[in-house]
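**Q** Quick one, query03.tsv (TSV, C-alpha atoms (C1' of nucleotides)):
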chain	number	residue	atom	x	y	z
A	1	MET	CA	-13.98	-18.48	-1.46
A	2	SER	CA	-13.52	-16.37	1.63
A	3	ASN	CA	-10.48	-14.47	2.70
A	4	SER	CA	-6.99	-15.86	3.03
A	5	GLU	CA	-4.91	-15.42	-0.05
A	6	THR	CA	-2.33	-13.07	1.32
A	7	VAL	CA	0.22	-13.00	-1.47
A	8	GLY	CA	-0.28	-16.68	-1.94
A	9	LEU	CA	1.42	-17.43	1.30
A	10	PRO	CA	0.55	-20.52	3.25
A	11	VAL	CA	-2.70	-19.97	5.05
A	12	LEU	CA	-0.99	-19.10	8.28
A	13	GLU	CA	-1.80	-15.45	8.62
A	14	PRO	CA	-5.35	-14.10	8.72
A	15	GLU	CA	-5.08	-11.38	6.17
A	16	GLY	CA	-3.34	-8.14	6.96
A	17	ALA	CA	-0.49	-9.94	8.58
A	18	ALA	CA	2.88	-8.29	8.74
A	19	VAL	CA	4.72	-8.50	5.48
A	20	PRO	CA	7.19	-11.38	5.60
A	21	CYS	CA	9.42	-9.94	2.91
A	22	CYS	CA	12.40	-9.90	2.02
A	23	PRO	CA	16.12	-9.66	1.44
A	24	PRO	CA	17.57	-6.43	0.12
A	25	LEU	CA	17.16	-6.00	-3.59
A	26	THR	CA	20.77	-5.17	-4.24
A	27	ALA	CA	22.36	-7.64	-1.85
A	28	GLY	CA	22.44	-10.67	-4.10
A	29	GLU	CA	20.47	-12.71	-6.53
A	30	LEU	CA	16.93	-13.19	-5.39
A	31	SER	CA	15.59	-16.68	-4.94
A	32	VAL	CA	12.55	-17.56	-6.97
A	33	ARG	CA	10.38	-17.56	-3.88
A	34	ASP	CA	11.58	-14.20	-2.60
A	35	ALA	CA	11.19	-12.70	-6.04
A	36	GLU	CA	7.60	-13.84	-6.10
A	37	ARG	CA	6.88	-12.33	-2.72
A	38	MET	CA	8.47	-9.02	-3.54
A	39	ALA	CA	6.79	-8.92	-6.94
A	40	ALA	CA	3.43	-9.38	-5.24
A	41	MET	CA	4.07	-6.37	-3.03
A	42	PHE	CA	5.21	-4.22	-5.90
A	43	LYS	CA	2.29	-5.37	-8.00
A	44	ALA	CA	-0.11	-4.21	-5.35
A	45	LEU	CA	1.37	-0.74	-5.69
A	46	SER	CA	1.65	-0.82	-9.45
A	47	ASP	CA	-1.72	0.74	-10.13
A	48	PRO	CA	-2.23	4.52	-9.93
A	49	VAL	CA	-5.60	4.19	-8.24
A	50	ARG	CA	-4.27	1.80	-5.61
A	51	LEU	CA	-1.30	4.05	-5.01
A	52	ARG	CA	-3.58	7.00	-4.40
A	53	LEU	CA	-5.79	4.99	-2.08
A	54	PHE	CA	-2.74	3.81	-0.18
A	55	SER	CA	-1.33	7.30	0.15
A	56	LYS	CA	-4.68	8.64	1.28
A	57	VAL	CA	-4.79	6.07	4.05
A	58	ALA	CA	-1.13	6.54	4.94
A	59	SER	CA	-1.42	10.29	5.18
A	60	HIS	CA	-4.77	10.42	6.91
A	61	PRO	CA	-4.83	12.01	10.36
A	62	GLY	CA	-4.96	9.32	13.02
A	63	GLY	CA	-3.34	6.78	10.72
A	64	GLU	CA	-6.62	5.40	9.52
A	65	ALA	CA	-9.32	6.34	7.07
A	66	CYS	CA	-12.89	5.38	6.44
A	67	VAL	CA	-13.57	4.20	2.90
A	68	CYS	CA	-15.94	7.13	2.60
A	69	ASP	CA	-13.02	9.49	3.24
A	70	ILE	CA	-10.86	8.20	0.43
A	71	GLN	CA	-13.15	6.84	-2.24
A	72	ASP	CA	-13.00	9.91	-4.41
A	73	VAL	CA	-10.36	8.70	-6.84
A	74	GLY	CA	-12.31	8.83	-10.07
A	75	VAL	CA	-13.53	5.26	-10.31
A	76	SER	CA	-16.75	3.56	-9.23
A	77	GLN	CA	-17.43	2.33	-5.73
A	78	PRO	CA	-17.07	-1.36	-6.64
A	79	THR	CA	-13.73	-0.60	-8.19
A	80	VAL	CA	-12.54	1.19	-5.07
A	81	SER	CA	-13.61	-1.80	-3.02
A	82	HIS	CA	-11.80	-4.11	-5.40
A	83	HIS	CA	-8.55	-2.17	-5.10
A	84	LEU	CA	-8.76	-1.98	-1.33
A	85	LYS	CA	-9.18	-5.73	-1.29
A	86	LYS	CA	-6.05	-6.15	-3.38
A	87	LEU	CA	-4.10	-3.95	-0.99
A	88	ARG	CA	-5.40	-5.97	1.94
A	89	GLU	CA	-4.50	-9.25	0.29
A	90	ALA	CA	-1.02	-7.96	-0.35
A	91	GLY	CA	-0.68	-7.24	3.35
A	92	LEU	CA	-0.28	-3.52	2.84
A	93	LEU	CA	-3.50	-2.42	4.50
A	94	THR	CA	-5.64	-3.76	7.29
A	95	SER	CA	-9.34	-3.12	7.65
A	96	GLU	CA	-11.71	-3.01	10.56
A	97	ARG	CA	-15.44	-2.52	10.54
A	98	ARG	CA	-16.79	-0.15	13.16
A	99	GLY	CA	-20.52	0.18	12.88
A	100	THR	CA	-21.58	1.23	9.46
A	101	TRP	CA	-18.10	2.18	8.31
A	102	VAL	CA	-14.95	0.28	7.46
A	103	TYR	CA	-11.63	1.81	8.41
A	104	TYR	CA	-8.36	1.08	6.70
A	105	ARG	CA	-4.85	1.62	8.01
A	106	VAL	CA	-1.36	0.88	6.80
A	107	ALA	CA	-0.25	-2.52	8.00
A	108	PRO	CA	2.46	-2.31	10.62
A	109	SER	CA	6.00	-2.78	9.36
A	110	VAL	CA	5.12	-2.38	5.73
A	111	VAL	CA	7.30	0.61	5.15
A	112	ALA	CA	10.07	-0.99	7.14
A	113	ALA	CA	9.81	-4.10	5.01
A	114	MET	CA	9.99	-2.12	1.83
A	115	SER	CA	12.93	-0.08	2.97
A	116	ALA	CA	14.68	-3.32	3.85
A	117	MET	CA	14.19	-4.45	0.27
A	118	LEU	CA	15.88	-1.32	-0.91
A	119	ASP	CA	18.84	-2.06	1.30
A	120	LEU	CA	18.47	1.01	3.45
A	121	PRO	CA	19.08	0.97	7.16
A	122	ALA	CA	15.53	1.28	8.43
A	123	THR	CA	15.77	4.50	10.32
A	124	THR	CA	12.66	3.92	12.36
B	125	MET	CA	8.02	2.57	-32.87
B	126	SER	CA	11.56	3.13	-31.65
B	127	ASN	CA	12.69	3.94	-28.20
B	128	SER	CA	11.41	6.80	-26.08
B	129	GLU	CA	8.55	5.79	-23.93
B	130	THR	CA	10.18	6.19	-20.59
B	131	VAL	CA	7.23	5.79	-18.26
B	132	GLY	CA	5.17	7.79	-20.67
B	133	LEU	CA	7.05	10.92	-19.83
B	134	PRO	CA	7.46	13.70	-22.32
B	135	VAL	CA	10.07	12.74	-24.82
B	136	LEU	CA	12.74	14.72	-23.06
B	137	GLU	CA	15.00	12.01	-21.78
B	138	PRO	CA	16.65	9.44	-24.04
B	139	GLU	CA	15.82	6.31	-22.18
B	140	GLY	CA	17.63	5.38	-19.03
B	141	ALA	CA	17.32	8.85	-17.67
B	142	ALA	CA	17.34	9.41	-13.96
B	143	VAL	CA	14.01	8.64	-12.40
B	144	PRO	CA	12.07	11.88	-11.91
B	145	CYS	CA	9.92	10.49	-9.11
B	146	CYS	CA	8.41	11.38	-6.59
B	147	PRO	CA	6.99	12.71	-3.34
B	148	PRO	CA	7.03	10.43	-0.31
B	149	LEU	CA	4.25	7.90	-0.26
B	150	THR	CA	3.11	8.71	3.22
B	151	ALA	CA	3.49	12.48	3.11
B	152	GLY	CA	0.13	13.35	1.62
B	153	GLU	CA	-2.32	12.47	-1.06
B	154	LEU	CA	-0.61	11.75	-4.32
B	155	SER	CA	-1.51	13.76	-7.37
B	156	VAL	CA	-2.81	11.82	-10.33
B	157	ARG	CA	0.38	12.48	-12.25
B	158	ASP	CA	2.71	11.42	-9.46
B	159	ALA	CA	0.63	8.33	-8.85
B	160	GLU	CA	1.03	7.37	-12.48
B	161	ARG	CA	4.79	7.83	-12.39
B	162	MET	CA	5.22	5.86	-9.22
B	163	ALA	CA	2.90	3.14	-10.43
B	164	ALA	CA	5.00	2.78	-13.57
B	165	MET	CA	8.11	2.21	-11.48
B	166	PHE	CA	6.42	-0.29	-9.22
B	167	LYS	CA	4.90	-2.04	-12.20
B	168	ALA	CA	8.34	-2.53	-13.68
B	169	LEU	CA	9.32	-4.38	-10.52
B	170	SER	CA	6.06	-6.27	-10.18
B	171	ASP	CA	7.15	-9.31	-12.13
B	172	PRO	CA	9.27	-12.03	-10.49
B	173	VAL	CA	11.44	-12.49	-13.55
B	174	ARG	CA	12.14	-8.77	-13.84
B	175	LEU	CA	12.89	-8.57	-10.15
B	176	ARG	CA	15.42	-11.36	-10.45
B	177	LEU	CA	17.00	-9.77	-13.49
B	178	PHE	CA	17.20	-6.46	-11.67
B	179	SER	CA	18.75	-8.00	-8.58
B	180	LYS	CA	21.24	-9.90	-10.68
B	181	VAL	CA	22.37	-6.68	-12.30
B	182	ALA	CA	22.34	-4.77	-9.02
B	183	SER	CA	24.40	-7.35	-7.20
B	184	HIS	CA	26.83	-8.10	-10.00
B	185	PRO	CA	30.47	-7.32	-9.31
B	186	GLY	CA	31.45	-4.10	-10.99
B	187	GLY	CA	27.88	-2.84	-10.95
B	188	GLU	CA	27.13	-4.11	-14.40
B	189	ALA	CA	26.27	-7.39	-16.04
B	190	CYS	CA	26.25	-8.78	-19.53
B	191	VAL	CA	22.94	-10.26	-20.63
B	192	CYS	CA	24.73	-13.55	-20.96
B	193	ASP	CA	25.58	-13.42	-17.26
B	194	ILE	CA	22.02	-13.02	-16.05
B	195	GLN	CA	19.77	-14.66	-18.60
B	196	ASP	CA	19.38	-17.88	-16.71
B	197	VAL	CA	16.04	-17.12	-15.06
B	198	GLY	CA	13.94	-19.89	-16.50
B	199	VAL	CA	12.38	-18.15	-19.48
B	200	SER	CA	13.35	-17.96	-23.14
B	201	GLN	CA	15.90	-15.52	-24.52
B	202	PRO	CA	13.30	-13.32	-26.21
B	203	THR	CA	11.43	-13.06	-22.95
B	204	VAL	CA	14.57	-12.02	-21.09
B	205	SER	CA	15.16	-9.36	-23.71
B	206	HIS	CA	11.57	-8.20	-23.39
B	207	HIS	CA	11.85	-7.82	-19.62
B	208	LEU	CA	15.14	-5.98	-19.84
B	209	LYS	CA	13.52	-3.59	-22.25
B	210	LYS	CA	10.72	-2.96	-19.80
B	211	LEU	CA	13.21	-2.23	-17.05
B	212	ARG	CA	15.06	0.14	-19.35
B	213	GLU	CA	11.87	1.94	-20.34
B	214	ALA	CA	10.99	2.37	-16.69
B	215	GLY	CA	14.33	4.05	-16.15
B	216	LEU	CA	15.57	1.40	-13.77
B	217	LEU	CA	18.37	0.03	-15.92
B	218	THR	CA	20.65	1.44	-18.55
B	219	SER	CA	22.29	-0.55	-21.30
B	220	GLU	CA	25.43	-0.21	-23.33
B	221	ARG	CA	26.65	-2.33	-26.17
B	222	ARG	CA	30.35	-3.20	-26.10
B	223	GLY	CA	31.31	-5.37	-29.00
B	224	THR	CA	29.20	-8.47	-29.14
B	225	TRP	CA	27.76	-8.07	-25.69
B	226	VAL	CA	25.27	-5.72	-24.09
B	227	TYR	CA	25.88	-4.63	-20.53
B	228	TYR	CA	23.19	-3.51	-18.13
B	229	ARG	CA	23.58	-1.48	-14.96
B	230	VAL	CA	21.25	0.03	-12.41
B	231	ALA	CA	20.35	3.55	-13.42
B	232	PRO	CA	21.92	6.14	-11.15
B	233	SER	CA	19.69	7.45	-8.37
B	234	VAL	CA	17.07	4.77	-8.74
B	235	VAL	CA	17.40	3.43	-5.26
B	236	ALA	CA	17.55	6.95	-3.89
B	237	ALA	CA	14.37	7.82	-5.73
B	238	MET	CA	12.60	4.79	-4.36
B	239	SER	CA	13.73	5.45	-0.83
B	240	ALA	CA	12.45	8.99	-1.17
B	241	MET	CA	9.05	7.59	-2.03
B	242	LEU	CA	9.11	5.59	1.13
B	243	ASP	CA	9.83	8.71	3.11
B	244	LEU	CA	13.15	7.57	4.44
B	245	PRO	CA	16.14	9.83	4.74
B	246	ALA	CA	18.26	8.57	1.85
B	247	THR	CA	21.32	7.46	3.67
B	248	THR	CA	23.48	7.24	0.62
C	249	DG	C1'	32.78	-11.83	-48.49
C	250	DC	C1'	30.57	-15.70	-45.19
C	251	DT	C1'	29.54	-17.76	-40.67
C	252	DC	C1'	28.79	-17.90	-35.92
C	253	DT	C1'	27.34	-16.01	-31.59
C	254	DG	C1'	24.74	-12.60	-28.79
C	255	DT	C1'	20.80	-9.70	-28.52
C	256	DA	C1'	16.50	-7.48	-30.17
C	257	DT	C1'	12.08	-7.42	-32.64
C	258	DC	C1'	7.88	-9.52	-34.52
C	259	DG	C1'	3.46	-11.95	-34.42
C	260	DA	C1'	0.58	-14.90	-32.05
C	261	DC	C1'	-1.40	-17.06	-28.04
C	262	DG	C1'	-3.67	-17.67	-23.48
C	263	DT	C1'	-4.02	-15.41	-18.97
C	264	DT	C1'	-4.50	-11.67	-15.91
C	265	DT	C1'	-6.08	-7.09	-14.91
C	266	DG	C1'	-9.07	-2.91	-14.29
C	267	DT	C1'	-13.40	-1.46	-14.93
C	268	DC	C1'	-18.36	-1.31	-14.75
C	269	DG	C1'	-23.55	-2.15	-13.45
C	270	DA	C1'	-26.32	-5.08	-10.81
C	271	DT	C1'	-26.90	-7.13	-6.62
C	272	DA	C1'	-25.92	-8.89	-2.02
C	273	DT	C1'	-24.54	-8.06	2.82
C	274	DC	C1'	-23.91	-5.52	7.04
C	275	DC	C1'	-25.63	-2.64	10.55
C	276	DC	C1'	-27.78	1.54	12.24
C	277	DT	C1'	-32.21	3.98	13.06
C	278	DC	C1'	-36.79	4.43	13.25
D	279	DG	C1'	-38.72	-5.64	11.27
D	280	DA	C1'	-38.72	-2.20	7.52
D	281	DG	C1'	-36.00	1.27	5.34
D	282	DG	C1'	-31.68	3.15	4.12
D	283	DG	C1'	-26.82	4.14	3.75
D	284	DA	C1'	-22.02	2.02	3.48
D	285	DT	C1'	-19.15	-1.82	1.57
D	286	DA	C1'	-18.44	-6.02	-0.63
D	287	DT	C1'	-19.21	-9.53	-4.17
D	288	DC	C1'	-20.58	-11.17	-8.78
D	289	DG	C1'	-20.41	-11.53	-13.82
D	290	DA	C1'	-19.01	-9.58	-18.00
D	291	DC	C1'	-15.94	-7.38	-21.08
D	292	DA	C1'	-11.98	-4.92	-23.24
D	293	DA	C1'	-7.25	-3.96	-22.69
D	294	DA	C1'	-2.76	-5.08	-21.08
D	295	DC	C1'	0.60	-8.60	-19.96
D	296	DG	C1'	3.96	-12.63	-20.12
D	297	DT	C1'	5.31	-16.04	-22.87
D	298	DC	C1'	6.91	-18.41	-26.93
D	299	DG	C1'	9.04	-19.66	-31.74
D	300	DA	C1'	10.64	-17.57	-35.77
D	301	DT	C1'	13.28	-14.16	-37.51
D	302	DA	C1'	16.12	-9.94	-37.95
D	303	DC	C1'	20.11	-7.32	-36.65
D	304	DA	C1'	24.93	-6.45	-34.87
D	305	DG	C1'	29.68	-7.36	-34.32
D	306	DA	C1'	33.81	-10.68	-34.30
D	307	DG	C1'	36.62	-13.81	-36.67
D	308	DC	C1'	37.79	-16.34	-40.32
Write the structure described by the file as structure tokens, please.

**A**
Amino acid sequence: MSNSETVGLPVLEPEGAAVPCCPPLTAGELSVRDAERMAAMFKALSDPVRLRLFSKVASHPGGEACVCDIQDVGVSQPTVSHHLKKLREAGLLTSERRGTWVYYRVAPSVVAAMSAMLDLPATT
Amino acid sequence: MSNSETVGLPVLEPEGAAVPCCPPLTAGELSVRDAERMAAMFKALSDPVRLRLFSKVASHPGGEACVCDIQDVGVSQPTVSHHLKKLREAGLLTSERRGTWVYYRVAPSVVAAMSAMLDLPATT
DNA sequence: GCTCTGTATCGACGTTTGTCGATATCCCTC
DNA sequence: GAGGGATATCGACAAACGTCGATACAGAGC
């Protein structure tokens, strides 16, 4: 394979593309397609290790973190890499290699997208 | 078993107790415990069928819905029941039997708890 | 009482997930 | 270009998950 399986979306967006989701959760019955998209986002955050990795990136000074800064979450290095890949594929993180290191940051508009799901006026 | 496995919390709360979560996702590194709690909530919403069931309940007039009103999501009746149980155990829905029917509603403060995770001023 | 309808539980199944060790790839430095 | 550190991929395995049909339980009405 290669890259390109962002939430199973059509192969339009490279990888860490802005999250395309979704109507508010409480606004009405979700369509099957929207439910699948939202479920994919939630699934990406449904693992404790991924949640900690995400929060480490999100709270890191400068808005980005090297893998080496965040990989102390109690699992092996391949597992950390695996989880970061899942977060990337879900469109929640983006990655960029700079020299020896790879830096991750929260994908733009992710929090806004999630708050929209929860039917809150995005206060940003 | 019986009931009582709300997110794996101590057996304090009956079942649909208010969600005890959690610090904002972007505020700092999550503790292991908080990550587990949040992950359990997200996991409950990480299935398309559960998401549709949840949104059907959330958007139903009167704030509650009979199982019979929402069970048309393309899976068998036992599966619907199974998913509703998961949502109950996660503290996202509460249920009440009235005569022949069982009514589900969104657990109080769930949306507020989730918005708190996303670090948004809960505008409710 | 019996029967019918609505909901929950049980047991089984195939699939997906999280994890690891081994190994490959990238790129810097010497 | 050889060596070495940082990430990613591969292959395997156990555990968890979503689904189903069969069945049990609960309440309403006869």

**Q** Which is closest to chain B among C:DC278, C:DC268, C:DA256, C:DC261, if we use only C-alpha atoms (C1' of nucleotides)?

**A**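 Of C:DC278, C:DC268, C:DA256, C:DC261, the one nearest chain B, counting only C-alpha atoms (C1' of nucleotides), is C:DA256.
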
**Q** Excluding range 291-302 of chain D and residues on its chain fewer than 2 positions from it, collect all residues at most 10 Å away from it, counting all atoms listed in the file, and give them as an MDAnalysis selection string.

**A** (chainID B and resid 171 173 199:203 206:207) or (chainID C and resid 256:268) or (chainID D and resid 289 304)

**Q** Counting all atoms listed in the file, which of B:Val234, B:Lys209, B:Gly186, B:Pro148 gets nearest to chain C?

**A**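 For chain C, the nearest of the given residues is B:Lys209.
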
**Q** State, in Å with one decimal place, the distance from CA of Arg97 in chain A to CA of Gly63 in chain A.

**A**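 So the two atoms, CA of Arg97 in chain A and CA of Gly63 in chain A, lie 15.3 Å apart.
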
**Q** At a cut-off of 12 Å, list the chain D residues touching chain A, using all atoms listed in the file, as number ranges by chain.

**A** D: 282-288

**Q** Could you work out which residues of chain B fall inside 7 Å of chain A? Count all atoms listed in the file, and format the result as an mmCIF file with C-alpha atoms, in the coordinates of the input.

**A**
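Below is the file that was written, part.cif:
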data_model
loop_
_atom_site.group_PDB
_atom_site.id
_atom_site.type_symbol
_atom_site.label_atom_id
_atom_site.label_comp_id
_atom_site.auth_asym_id
_atom_site.auth_seq_id
_atom_site.Cartn_x
_atom_site.Cartn_y
_atom_site.Cartn_z
ATOM 1 C CA LEU B 149 4.250 7.900 -0.260
ATOM 2 C CA THR B 150 3.110 8.710 3.220
ATOM 3 C CA ALA B 151 3.490 12.480 3.110
ATOM 4 C CA GLY B 152 0.130 13.350 1.620
ATOM 5 C CA GLU B 153 -2.320 12.470 -1.060
ATOM 6 C CA LEU B 154 -0.610 11.750 -4.320
ATOM 7 C CA ALA B 159 0.630 8.330 -8.850
ATOM 8 C CA GLU B 160 1.030 7.370 -12.480
ATOM 9 C CA ALA B 163 2.900 3.140 -10.430
ATOM 10 C CA ALA B 164 5.000 2.780 -13.570
ATOM 11 C CA PHE B 166 6.420 -0.290 -9.220
ATOM 12 C CA LYS B 167 4.900 -2.040 -12.200
ATOM 13 C CA LEU B 169 9.320 -4.380 -10.520
ATOM 14 C CA SER B 170 6.060 -6.270 -10.180
ATOM 15 C CA ASP B 171 7.150 -9.310 -12.130
ATOM 16 C CA PRO B 172 9.270 -12.030 -10.490
ATOM 17 C CA LEU B 175 12.890 -8.570 -10.150
ATOM 18 C CA ARG B 176 15.420 -11.360 -10.450
ATOM 19 C CA SER B 179 18.750 -8.000 -8.580
ATOM 20 C CA LYS B 180 21.240 -9.900 -10.680
ATOM 21 C CA ALA B 182 22.340 -4.770 -9.020
ATOM 22 C CA SER B 183 24.400 -7.350 -7.200
ATOM 23 C CA VAL B 235 17.400 3.430 -5.260
ATOM 24 C CA SER B 239 13.730 5.450 -0.830
ATOM 25 C CA LEU B 242 9.110 5.590 1.130
#

**Q** At what distance in Å, to one decimal, does CA of Pro108 in chain A lie from CA of Ala65 in chain A?

**A**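 So the answer is 15.0 Å.
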
**Q** Could you check how far CA of Tyr103 in chain A sits from CA of Leu84 in chain A, in Å to one decimal?

**A**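 A separation of 10.8 Å between them.
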